$ cat protein18.tsv   # TSV, C-alpha atoms and all ligand atoms
chain	number	residue	atom	x	y	z
A	1	MET	CA	-3.57	8.89	6.40
A	2	PRO	CA	-1.26	8.82	9.45
A	3	ASP	CA	1.43	6.22	9.93
A	4	PHE	CA	0.41	2.93	11.49
A	5	THR	CA	1.72	3.68	15.00
A	6	THR	CA	-0.29	6.90	15.25
A	7	PHE	CA	-3.26	5.18	13.69
A	8	SER	CA	-3.32	2.31	16.18
A	9	SER	CA	-2.96	4.70	19.14
A	10	LEU	CA	-5.89	6.75	17.82
A	11	LEU	CA	-7.98	3.64	17.47
A	12	ARG	CA	-7.26	2.56	21.06
A	13	ILE	CA	-7.76	6.04	22.52
A	14	THR	CA	-11.07	6.66	20.75
A	15	ALA	CA	-12.38	3.37	22.11
A	16	LYS	CA	-11.11	3.90	25.64
A	17	TYR	CA	-12.30	7.48	26.08
A	18	GLU	CA	-15.44	7.13	23.98
A	19	MET	CA	-14.85	9.63	21.21
A	20	PRO	CA	-17.43	8.43	18.65
A	21	ALA	CA	-17.03	11.30	16.17
A	22	ILE	CA	-13.31	10.79	15.64
A	23	ARG	CA	-13.65	7.04	15.82
A	24	SER	CA	-16.24	6.96	13.06
A	25	GLN	CA	-13.84	8.89	10.80
A	26	ILE	CA	-11.15	6.32	11.44
A	27	LEU	CA	-13.56	3.47	10.82
A	28	GLU	CA	-14.49	5.10	7.52
A	29	VAL	CA	-10.88	4.89	6.37
A	30	ILE	CA	-10.69	1.26	7.43
A	31	ARG	CA	-13.89	0.42	5.55
A	32	ASP	CA	-12.29	1.81	2.42
A	33	ALA	CA	-9.06	-0.16	2.67
A	34	TYR	CA	-10.56	-3.34	4.17
A	35	PRO	CA	-13.93	-3.39	2.39
A	36	GLU	CA	-16.85	-5.38	3.61
A	37	THR	CA	-18.28	-6.09	0.15
A	38	PHE	CA	-16.82	-7.43	-3.07
A	39	GLU	CA	-17.76	-4.20	-4.83
A	40	GLY	CA	-15.43	-2.36	-2.45
A	41	LEU	CA	-12.46	-4.19	-3.98
A	42	GLY	CA	-11.84	-1.62	-6.71
A	43	SER	CA	-8.76	-2.58	-8.70
A	44	SER	CA	-7.15	0.86	-8.77
A	45	LYS	CA	-7.39	2.09	-5.20
A	46	PRO	CA	-4.88	1.18	-2.50
A	47	LEU	CA	-6.01	-1.63	-0.25
A	48	GLY	CA	-4.82	-3.10	3.02
A	49	GLU	CA	-1.59	-2.02	4.67
A	50	GLY	CA	-0.70	0.09	1.61
A	51	ILE	CA	-2.93	2.94	2.86
A	52	PHE	CA	-0.70	3.96	5.75
A	53	SER	CA	1.83	6.70	5.29
A	54	GLY	CA	5.46	5.92	6.03
A	55	ARG	CA	6.45	2.33	6.64
A	56	ALA	CA	3.72	-0.15	5.70
A	57	PRO	CA	2.95	-2.29	8.74
A	58	HIS	CA	3.26	-6.07	8.54
A	59	PRO	CA	-0.23	-7.43	7.74
A	60	ASN	CA	-0.05	-9.60	10.89
A	61	GLU	CA	0.23	-6.42	12.94
A	62	VAL	CA	-2.91	-5.00	11.33
A	63	LEU	CA	-4.76	-8.27	11.85
A	64	ASN	CA	-3.83	-8.34	15.55
A	65	LEU	CA	-5.01	-4.77	16.01
A	66	PHE	CA	-8.33	-5.36	14.25
A	67	VAL	CA	-9.01	-8.48	16.32
A	68	GLN	CA	-8.18	-6.62	19.56
A	69	GLN	CA	-10.40	-3.72	18.54
A	70	ASN	CA	-13.18	-6.03	17.45
A	71	LEU	CA	-13.46	-4.54	13.94
A	72	THR	CA	-15.55	-7.45	12.73
A	73	SER	CA	-16.43	-6.15	9.28
A	74	ALA	CA	-12.77	-5.56	8.36
A	75	LEU	CA	-11.56	-8.95	9.58
A	76	PRO	CA	-12.14	-11.08	6.44
A	77	MET	CA	-9.99	-8.74	4.38
A	78	ALA	CA	-7.37	-8.35	7.14
A	79	TYR	CA	-7.09	-12.14	7.37
A	80	TYR	CA	-6.75	-12.38	3.60
A	81	MET	CA	-4.02	-9.72	3.48
A	82	ALA	CA	-2.02	-11.63	6.09
A	83	THR	CA	-2.51	-15.08	4.56
A	84	ARG	CA	-1.89	-14.24	0.92
A	85	ARG	CA	1.83	-14.00	1.62
A	86	GLY	CA	1.95	-17.60	2.75
A	87	LEU	CA	2.89	-19.62	5.79
A	88	ASN	CA	6.41	-18.23	6.21
A	89	SER	CA	4.98	-14.76	6.57
A	90	LEU	CA	2.23	-15.86	8.97
A	91	MET	CA	4.69	-17.68	11.24
A	92	ASP	CA	7.78	-15.51	10.83
A	93	ARG	CA	9.65	-15.70	14.15
A	94	ARG	CA	11.77	-12.63	13.54
A	95	LEU	CA	8.75	-10.35	13.77
A	96	PRO	CA	8.21	-8.04	16.73
A	97	ARG	CA	5.70	-9.10	19.34
A	98	ASN	CA	2.82	-7.00	18.02
A	99	ALA	CA	3.16	-8.69	14.60
A	100	THR	CA	3.36	-12.19	16.05
A	101	LEU	CA	0.02	-13.94	15.78
A	102	PRO	CA	-1.48	-15.56	18.87
A	103	LEU	CA	-2.08	-19.28	18.41
A	104	GLU	CA	-5.82	-19.00	17.90
A	105	ILE	CA	-5.51	-16.39	15.13
A	106	LEU	CA	-2.65	-18.30	13.54
A	107	GLN	CA	-4.75	-21.46	13.39
A	108	SER	CA	-7.68	-19.64	11.74
A	109	ALA	CA	-5.32	-17.99	9.26
A	110	MET	CA	-3.56	-21.24	8.34
A	111	GLY	CA	-6.82	-23.14	7.98
A	112	GLY	CA	-8.22	-20.37	5.79
A	113	LEU	CA	-5.10	-20.25	3.65
A	114	MET	CA	-5.29	-23.98	2.95
A	115	ARG	CA	-8.93	-23.76	1.93
A	116	LEU	CA	-8.38	-20.69	-0.26
A	117	ARG	CA	-5.37	-22.30	-1.87
A	118	GLU	CA	-7.37	-25.42	-2.66
A	119	LEU	CA	-10.18	-23.36	-4.15
A	120	GLU	CA	-7.69	-21.35	-6.20
A	121	LEU	CA	-5.90	-24.41	-7.60
A	122	ASN	CA	-9.04	-26.39	-8.41
A	123	GLU	CA	-11.01	-23.56	-9.94
A	124	THR	CA	-8.08	-22.17	-11.92
A	125	HIS	CA	-7.39	-25.63	-13.27
A	126	ASP	CA	-11.00	-26.06	-14.34
A	127	LEU	CA	-11.26	-22.65	-15.89
A	128	ILE	CA	-8.20	-23.14	-18.06
A	129	PHE	CA	-8.22	-26.83	-18.91
A	130	GLU	CA	-11.94	-27.44	-19.16
A	131	GLN	CA	-13.07	-24.16	-20.61
A	132	ASN	CA	-14.10	-25.38	-24.03
A	133	GLY	CA	-15.56	-28.74	-23.22
A	134	SER	CA	-17.45	-29.91	-26.26
A	135	HIS	CA	-17.22	-26.49	-27.97
A	136	PRO	CA	-13.63	-25.87	-29.07
A	137	CYS	CA	-12.65	-22.33	-30.01
A	138	SER	CA	-13.63	-21.47	-33.57
A	139	ALA	CA	-10.89	-18.88	-34.23
A	140	SER	CA	-8.76	-20.28	-37.03
A	141	ASN	CA	-5.43	-19.22	-35.52
A	142	CYS	CA	-6.11	-20.25	-31.90
A	143	SER	CA	-4.34	-23.16	-30.16
A	144	SER	CA	-7.64	-23.95	-28.39
A	145	ARG	CA	-9.12	-25.01	-31.71
A	146	ALA	CA	-7.81	-28.44	-30.74
A	147	PRO	CA	-8.14	-28.17	-26.94
A	148	THR	CA	-6.55	-31.54	-26.23
A	149	GLY	CA	-3.75	-31.12	-28.78
A	150	PRO	CA	-0.14	-30.60	-27.72
A	151	ALA	CA	-0.06	-26.88	-28.60
A	152	ALA	CA	-3.16	-26.12	-26.50
A	153	LEU	CA	-1.98	-28.21	-23.54
A	154	ALA	CA	1.44	-26.55	-23.55
A	155	ALA	CA	-0.21	-23.11	-23.61
A	156	TYR	CA	-2.67	-24.05	-20.85
A	157	HIS	CA	0.15	-25.30	-18.64
A	158	GLN	CA	2.02	-22.08	-19.08
A	159	VAL	CA	-1.01	-19.97	-18.16
A	160	PHE	CA	-1.86	-22.18	-15.18
A	161	ASP	CA	1.69	-22.02	-13.81
A	162	ARG	CA	1.77	-18.29	-14.20
A	163	MET	CA	-1.53	-17.82	-12.38
A	164	VAL	CA	-1.00	-20.07	-9.39
A	165	GLY	CA	2.68	-21.09	-9.46
A	166	SER	CA	4.27	-17.85	-8.41
A	167	SER	CA	1.90	-17.48	-5.48
A	168	GLN	CA	4.15	-20.15	-3.87
A	169	LEU	CA	2.56	-21.17	-0.61
A	170	GLY	CA	0.34	-18.11	-0.41
A	171	THR	CA	-2.61	-17.17	-2.58
A	172	LYS	CA	-3.41	-14.65	-5.32
A	173	VAL	CA	-7.02	-15.64	-5.66
A	174	LEU	CA	-8.43	-12.12	-5.21
A	175	GLN	CA	-5.95	-10.57	-7.61
A	176	VAL	CA	-6.84	-9.80	-11.23
A	177	PRO	CA	-4.49	-12.02	-13.27
A	178	GLU	CA	-2.36	-10.77	-16.13
A	179	PHE	CA	-3.07	-12.89	-19.17
A	180	TYR	CA	-0.99	-10.77	-21.51
A	181	GLU	CA	2.67	-9.90	-21.68
A	182	ASP	CA	4.47	-7.26	-23.68
A	183	LEU	CA	6.72	-8.79	-26.35
A	184	ASP	CA	8.62	-6.04	-28.17
A	185	GLY	CA	5.70	-3.64	-27.90
A	186	GLU	CA	3.12	-6.25	-28.85
A	187	LEU	CA	0.67	-7.63	-26.29
A	188	ARG	CA	0.48	-11.41	-26.45
A	189	CYS	CA	-1.24	-14.00	-24.34
A	190	ILE	CA	1.15	-15.69	-21.90
A	191	GLY	CA	-0.07	-19.00	-23.36
A	192	PRO	CA	1.33	-19.11	-26.91
A	193	GLY	CA	-1.28	-19.05	-29.66
A	194	ILE	CA	-4.34	-18.43	-27.49
A	195	CYS	CA	-6.78	-15.96	-29.09
A	196	THR	CA	-8.32	-12.90	-27.41
A	197	GLY	CA	-11.77	-14.53	-27.36
A	198	CYS	CA	-10.45	-17.37	-25.19
A	199	VAL	CA	-8.63	-14.92	-22.90
A	200	GLU	CA	-11.84	-12.93	-22.49
A	201	ARG	CA	-13.65	-16.07	-21.39
A	202	TRP	CA	-10.88	-16.77	-18.87
A	203	GLU	CA	-11.07	-13.22	-17.60
A	204	SER	CA	-14.78	-13.34	-16.97
A	205	LYS	CA	-14.58	-16.77	-15.35
A	206	HIS	CA	-11.76	-15.60	-13.13
A	207	ALA	CA	-13.90	-12.64	-12.06
A	208	GLU	CA	-16.48	-15.20	-10.89
A	209	LEU	CA	-13.77	-17.08	-9.03
A	210	ARG	CA	-12.68	-13.90	-7.24
A	211	LYS	CA	-16.24	-13.25	-6.18
A	212	LYS	CA	-16.68	-16.82	-4.98
A	213	ALA	CA	-13.44	-16.62	-2.97
A	214	TRP	CA	-14.46	-13.29	-1.49
A	215	VAL	CA	-17.84	-14.57	-0.37
A	216	ALA	CA	-16.10	-17.56	1.23
A	217	LEU	CA	-13.66	-15.47	3.32
A	218	PRO	CA	-15.69	-15.21	6.58
A	219	ASP	CA	-16.36	-18.93	6.47
A	220	VAL	CA	-12.81	-20.10	5.64
A	221	PHE	CA	-11.36	-17.97	8.44
A	222	GLY	CA	-13.96	-19.18	10.93
A	223	LEU	CA	-15.53	-15.73	11.44
A	224	ASN	CA	-19.13	-16.84	11.31
A	225	GLY	CA	-19.58	-17.22	15.02
B	301	ZN	ZN	-9.49	-19.14	-28.91
$ encode --input "protein18.tsv" --output "structure tokens"
Amino acid sequence: MPDFTTFSSLLRITAKYEMPAIRSQILEVIRDAYPETFEGLGSSKPLGEGIFSGRAPHPNEVLNLFVQQNLTSALPMAYYMATRRGLNSLMDRRLPRNATLPLEILQSAMGGLMRLRELELNETHDLIFEQNGSHPCSASNCSSRAPTGPAALAAYHQVFDRMVGSSQLGTKVLQVPEFYEDLDGELRCIGPGICTGCVERWESKHAELRKKAWVALPDVFGLNG
């Protein structure tokens, strides 16, 4: 993959002089890094601005380019990549002109960020605090055995803070969360005393949340016409 400057020139040139063969190769690369479907979001492959060689461009710069070039199918992901870093990143005044978002794009990005953030907070809260409902965990050593007891609530708070707290004013809703931490070579849930069965339920529910957030991207960023 070339660096971003070369890449954006290529994209403009292939549009201007109608070079469909080369352009389709470039679009192929974009489809890979800014997938159109949820299935394209493989966890191991590089996504977004990380695909470019050399200096990674600011995600605002990529978003501007994709809007200018009318790369509709890559826009939901490009918007997400720019908004996940939060408002300060979206509105950073020290950025060069090509990474400064025009008002209309900025408004769509900010509106989308607020809606994604709300979805992330609400759904993460529900998935952790209301997971057991009337069926508490049956594992004898699990804090969730008494889901409204002090040990369970303390653990839930810790997990919740870890999942949404450090995203500050941005969002991590499409990211696979880490429920375990390494304590002296032993993997333990970040919520003390929570069993692996409960963590597995959280993991599968969070996978549903990621999918729900993904499907909502075009709508939250106002890309549906
Ligand atoms: Zn449990």
$ residues_around --input "protein18.tsv" --residues "segment 47-57 of chain A" --least-positions-apart "4" --cutoff "9 Å" --atoms "all atoms listed in the file" --output "ChimeraX atom specification"
/A:1-5,7,29-30,32-35,41-43,61-62,77-78,81,99
$ residues_near_ligand --input "protein18.tsv" --ligand "ligand ZN 301 (chain B)" --cutoff "6 Å" --atoms "all atoms listed in the file" --output "PyMOL selection string"
chain A and resi 137+139+142+144+194-195+197-198
$ atom_distance --input "protein18.tsv" --atom1 "atom CA of Ser108 of chain A" --atom2 "atom CA of Val220 of chain A"
8.0 Å
$ closest_residue --input "protein18.tsv" --among "A:Phe129, A:Phe179, A:Tyr17, A:Phe38" --to "Lys212 of chain A" --atoms "only C-alpha atoms"
A:Phe38
$ closest_residue --input "protein18.tsv" --among "A:Val164, A:Val199, A:Leu90, A:Leu11" --to "Tyr180 of chain A" --atoms "all atoms listed in the file"
A:Val199
$ closest_residue --input "protein18.tsv" --among "A:Ala21, A:Ala109, A:Leu95, A:Cys189" --to "Pro76 of chain A" --atoms "all atoms listed in the file"
A:Ala109
$ closest_residue --input "protein18.tsv" --among "A:Gln25, A:Gln175, A:Thr83, A:Gln107" --to "Ala207 of chain A" --atoms "only C-alpha atoms"
A:Gln175
$ atom_distance --input "protein18.tsv" --atom1 "atom CA of Gln69 of chain A" --atom2 "atom CA of Ala15 of chain A"
8.2 Å
$ residues_near_point --input "protein18.tsv" --point "(-1.3, -25.5, -24.8)" --cutoff "12 Å" --atoms "all atoms listed in the file" --output "MDAnalysis selection string"
chainID A and resid 128:129 142:161 189:195
$ write_last_selection --input "protein18.tsv" --atoms "C-alpha atoms" --output "mmCIF file, in the coordinates of the input"
data_model
loop_
_atom_site.group_PDB
_atom_site.id
_atom_site.type_symbol
_atom_site.label_atom_id
_atom_site.label_comp_id
_atom_site.auth_asym_id
_atom_site.auth_seq_id
_atom_site.Cartn_x
_atom_site.Cartn_y
_atom_site.Cartn_z
ATOM 1 C CA ILE A 128 -8.200 -23.140 -18.060
ATOM 2 C CA PHE A 129 -8.220 -26.830 -18.910
ATOM 3 C CA CYS A 142 -6.110 -20.250 -31.900
ATOM 4 C CA SER A 143 -4.340 -23.160 -30.160
ATOM 5 C CA SER A 144 -7.640 -23.950 -28.390
ATOM 6 C CA ARG A 145 -9.120 -25.010 -31.710
ATOM 7 C CA ALA A 146 -7.810 -28.440 -30.740
ATOM 8 C CA PRO A 147 -8.140 -28.170 -26.940
ATOM 9 C CA THR A 148 -6.550 -31.540 -26.230
ATOM 10 C CA GLY A 149 -3.750 -31.120 -28.780
ATOM 11 C CA PRO A 150 -0.140 -30.600 -27.720
ATOM 12 C CA ALA A 151 -0.060 -26.880 -28.600
ATOM 13 C CA ALA A 152 -3.160 -26.120 -26.500
ATOM 14 C CA LEU A 153 -1.980 -28.210 -23.540
ATOM 15 C CA ALA A 154 1.440 -26.550 -23.550
ATOM 16 C CA ALA A 155 -0.210 -23.110 -23.610
ATOM 17 C CA TYR A 156 -2.670 -24.050 -20.850
ATOM 18 C CA HIS A 157 0.150 -25.300 -18.640
ATOM 19 C CA GLN A 158 2.020 -22.080 -19.080
ATOM 20 C CA VAL A 159 -1.010 -19.970 -18.160
ATOM 21 C CA PHE A 160 -1.860 -22.180 -15.180
ATOM 22 C CA ASP A 161 1.690 -22.020 -13.810
ATOM 23 C CA CYS A 189 -1.240 -14.000 -24.340
ATOM 24 C CA ILE A 190 1.150 -15.690 -21.900
ATOM 25 C CA GLY A 191 -0.070 -19.000 -23.360
ATOM 26 C CA PRO A 192 1.330 -19.110 -26.910
ATOM 27 C CA GLY A 193 -1.280 -19.050 -29.660
ATOM 28 C CA ILE A 194 -4.340 -18.430 -27.490
ATOM 29 C CA CYS A 195 -6.780 -15.960 -29.090
#
$ closest_residue --input "protein18.tsv" --among "A:Leu65, A:Ala213, A:Leu101, A:Ile26" --to "Glu118 of chain A" --atoms "only C-alpha atoms"
A:Ala213
$ residues_around --input "protein18.tsv" --residues "Ser89 of chain A" --least-positions-apart "3" --cutoff "12 Å" --atoms "only C-alpha atoms" --output "PDB file with C-alpha atoms, keeping the file's coordinate frame"
ATOM      1  CA  HIS A  58       3.260  -6.070   8.540  1.00  0.00           C
ATOM      2  CA  PRO A  59      -0.230  -7.430   7.740  1.00  0.00           C
ATOM      3  CA  ASN A  60      -0.050  -9.600  10.890  1.00  0.00           C
ATOM      4  CA  GLU A  61       0.230  -6.420  12.940  1.00  0.00           C
ATOM      5  CA  MET A  81      -4.020  -9.720   3.480  1.00  0.00           C
ATOM      6  CA  ALA A  82      -2.020 -11.630   6.090  1.00  0.00           C
ATOM      7  CA  THR A  83      -2.510 -15.080   4.560  1.00  0.00           C
ATOM      8  CA  ARG A  84      -1.890 -14.240   0.920  1.00  0.00           C
ATOM      9  CA  ARG A  85       1.830 -14.000   1.620  1.00  0.00           C
ATOM     10  CA  GLY A  86       1.950 -17.600   2.750  1.00  0.00           C
ATOM     11  CA  ASP A  92       7.780 -15.510  10.830  1.00  0.00           C
ATOM     12  CA  ARG A  93       9.650 -15.700  14.150  1.00  0.00           C
ATOM     13  CA  ARG A  94      11.770 -12.630  13.540  1.00  0.00           C
ATOM     14  CA  LEU A  95       8.750 -10.350  13.770  1.00  0.00           C
ATOM     15  CA  ALA A  99       3.160  -8.690  14.600  1.00  0.00           C
ATOM     16  CA  THR A 100       3.360 -12.190  16.050  1.00  0.00           C
ATOM     17  CA  LEU A 101       0.020 -13.940  15.780  1.00  0.00           C
ATOM     18  CA  LEU A 106      -2.650 -18.300  13.540  1.00  0.00           C
ATOM     19  CA  ALA A 109      -5.320 -17.990   9.260  1.00  0.00           C
ATOM     20  CA  MET A 110      -3.560 -21.240   8.340  1.00  0.00           C
ATOM     21  CA  LEU A 113      -5.100 -20.250   3.650  1.00  0.00           C
ATOM     22  CA  GLN A 168       4.150 -20.150  -3.870  1.00  0.00           C
ATOM     23  CA  LEU A 169       2.560 -21.170  -0.610  1.00  0.00           C
ATOM     24  CA  GLY A 170       0.340 -18.110  -0.410  1.00  0.00           C
TER      25      GLY A 170
END
$ atom_distance --input "protein18.tsv" --atom1 "atom CA of Leu27 of chain A" --atom2 "atom CA of Ile13 of chain A"
13.3 Å
$ decode --input "protein18.tsv" --residues "segment 172-187 of chain A" --atoms "N, CA and C atoms" --output "PDB file, in the first residue's frame"
ATOM      1  N   LYS A 172     -16.027   3.147  21.599  1.00  0.00           N
ATOM      2  CA  LYS A 172     -15.300   1.916  21.295  1.00  0.00           C
ATOM      3  C   LYS A 172     -16.290   0.831  20.905  1.00  0.00           C
ATOM      4  N   VAL A 173     -17.464   1.256  20.469  1.00  0.00           N
ATOM      5  CA  VAL A 173     -18.565   0.298  20.351  1.00  0.00           C
ATOM      6  C   VAL A 173     -18.298  -0.830  19.343  1.00  0.00           C
ATOM      7  N   LEU A 174     -17.440  -0.583  18.344  1.00  0.00           N
ATOM      8  CA  LEU A 174     -17.172  -1.649  17.372  1.00  0.00           C
ATOM      9  C   LEU A 174     -15.961  -2.507  17.758  1.00  0.00           C
ATOM     10  N   GLN A 175     -15.350  -2.159  18.864  1.00  0.00           N
ATOM     11  CA  GLN A 175     -14.143  -2.874  19.282  1.00  0.00           C
ATOM     12  C   GLN A 175     -14.508  -4.087  20.145  1.00  0.00           C
ATOM     13  N   VAL A 176     -13.772  -5.189  19.985  1.00  0.00           N
ATOM     14  CA  VAL A 176     -14.002  -6.356  20.836  1.00  0.00           C
ATOM     15  C   VAL A 176     -13.408  -6.059  22.212  1.00  0.00           C
ATOM     16  N   PRO A 177     -14.232  -6.066  23.277  1.00  0.00           N
ATOM     17  CA  PRO A 177     -13.696  -5.686  24.591  1.00  0.00           C
ATOM     18  C   PRO A 177     -12.840  -6.787  25.223  1.00  0.00           C
ATOM     19  N   GLU A 178     -11.931  -6.357  26.058  1.00  0.00           N
ATOM     20  CA  GLU A 178     -11.097  -7.298  26.809  1.00  0.00           C
ATOM     21  C   GLU A 178     -11.738  -7.515  28.171  1.00  0.00           C
ATOM     22  N   PHE A 179     -12.250  -8.696  28.403  1.00  0.00           N
ATOM     23  CA  PHE A 179     -12.856  -8.964  29.707  1.00  0.00           C
ATOM     24  C   PHE A 179     -11.855  -9.558  30.695  1.00  0.00           C
ATOM     25  N   TYR A 180     -10.701  -9.958  30.182  1.00  0.00           N
ATOM     26  CA  TYR A 180      -9.728 -10.600  31.057  1.00  0.00           C
ATOM     27  C   TYR A 180      -8.470  -9.763  31.174  1.00  0.00           C
ATOM     28  N   GLU A 181      -7.798  -9.886  32.309  1.00  0.00           N
ATOM     29  CA  GLU A 181      -6.482  -9.274  32.434  1.00  0.00           C
ATOM     30  C   GLU A 181      -5.525 -10.315  33.004  1.00  0.00           C
ATOM     31  N   ASP A 182      -4.264 -10.092  32.717  1.00  0.00           N
ATOM     32  CA  ASP A 182      -3.225 -11.033  33.131  1.00  0.00           C
ATOM     33  C   ASP A 182      -2.716 -10.637  34.509  1.00  0.00           C
ATOM     34  N   LEU A 183      -2.974 -11.488  35.511  1.00  0.00           N
ATOM     35  CA  LEU A 183      -2.468 -11.209  36.863  1.00  0.00           C
ATOM     36  C   LEU A 183      -1.433 -12.271  37.199  1.00  0.00           C
ATOM     37  N   ASP A 184      -0.172 -11.885  37.158  1.00  0.00           N
ATOM     38  CA  ASP A 184       0.927 -12.825  37.430  1.00  0.00           C
ATOM     39  C   ASP A 184       0.781 -14.120  36.637  1.00  0.00           C
ATOM     40  N   GLY A 185       0.531 -13.994  35.344  1.00  0.00           N
ATOM     41  CA  GLY A 185       0.459 -15.166  34.482  1.00  0.00           C
ATOM     42  C   GLY A 185      -0.888 -15.863  34.501  1.00  0.00           C
ATOM     43  N   GLU A 186      -1.810 -15.365  35.308  1.00  0.00           N
ATOM     44  CA  GLU A 186      -3.126 -15.995  35.357  1.00  0.00           C
ATOM     45  C   GLU A 186      -4.166 -15.043  34.777  1.00  0.00           C
ATOM     46  N   LEU A 187      -5.005 -15.559  33.858  1.00  0.00           N
ATOM     47  CA  LEU A 187      -6.024 -14.710  33.260  1.00  0.00           C
ATOM     48  C   LEU A 187      -7.230 -14.625  34.189  1.00  0.00           C
TER      49      LEU A 187
END
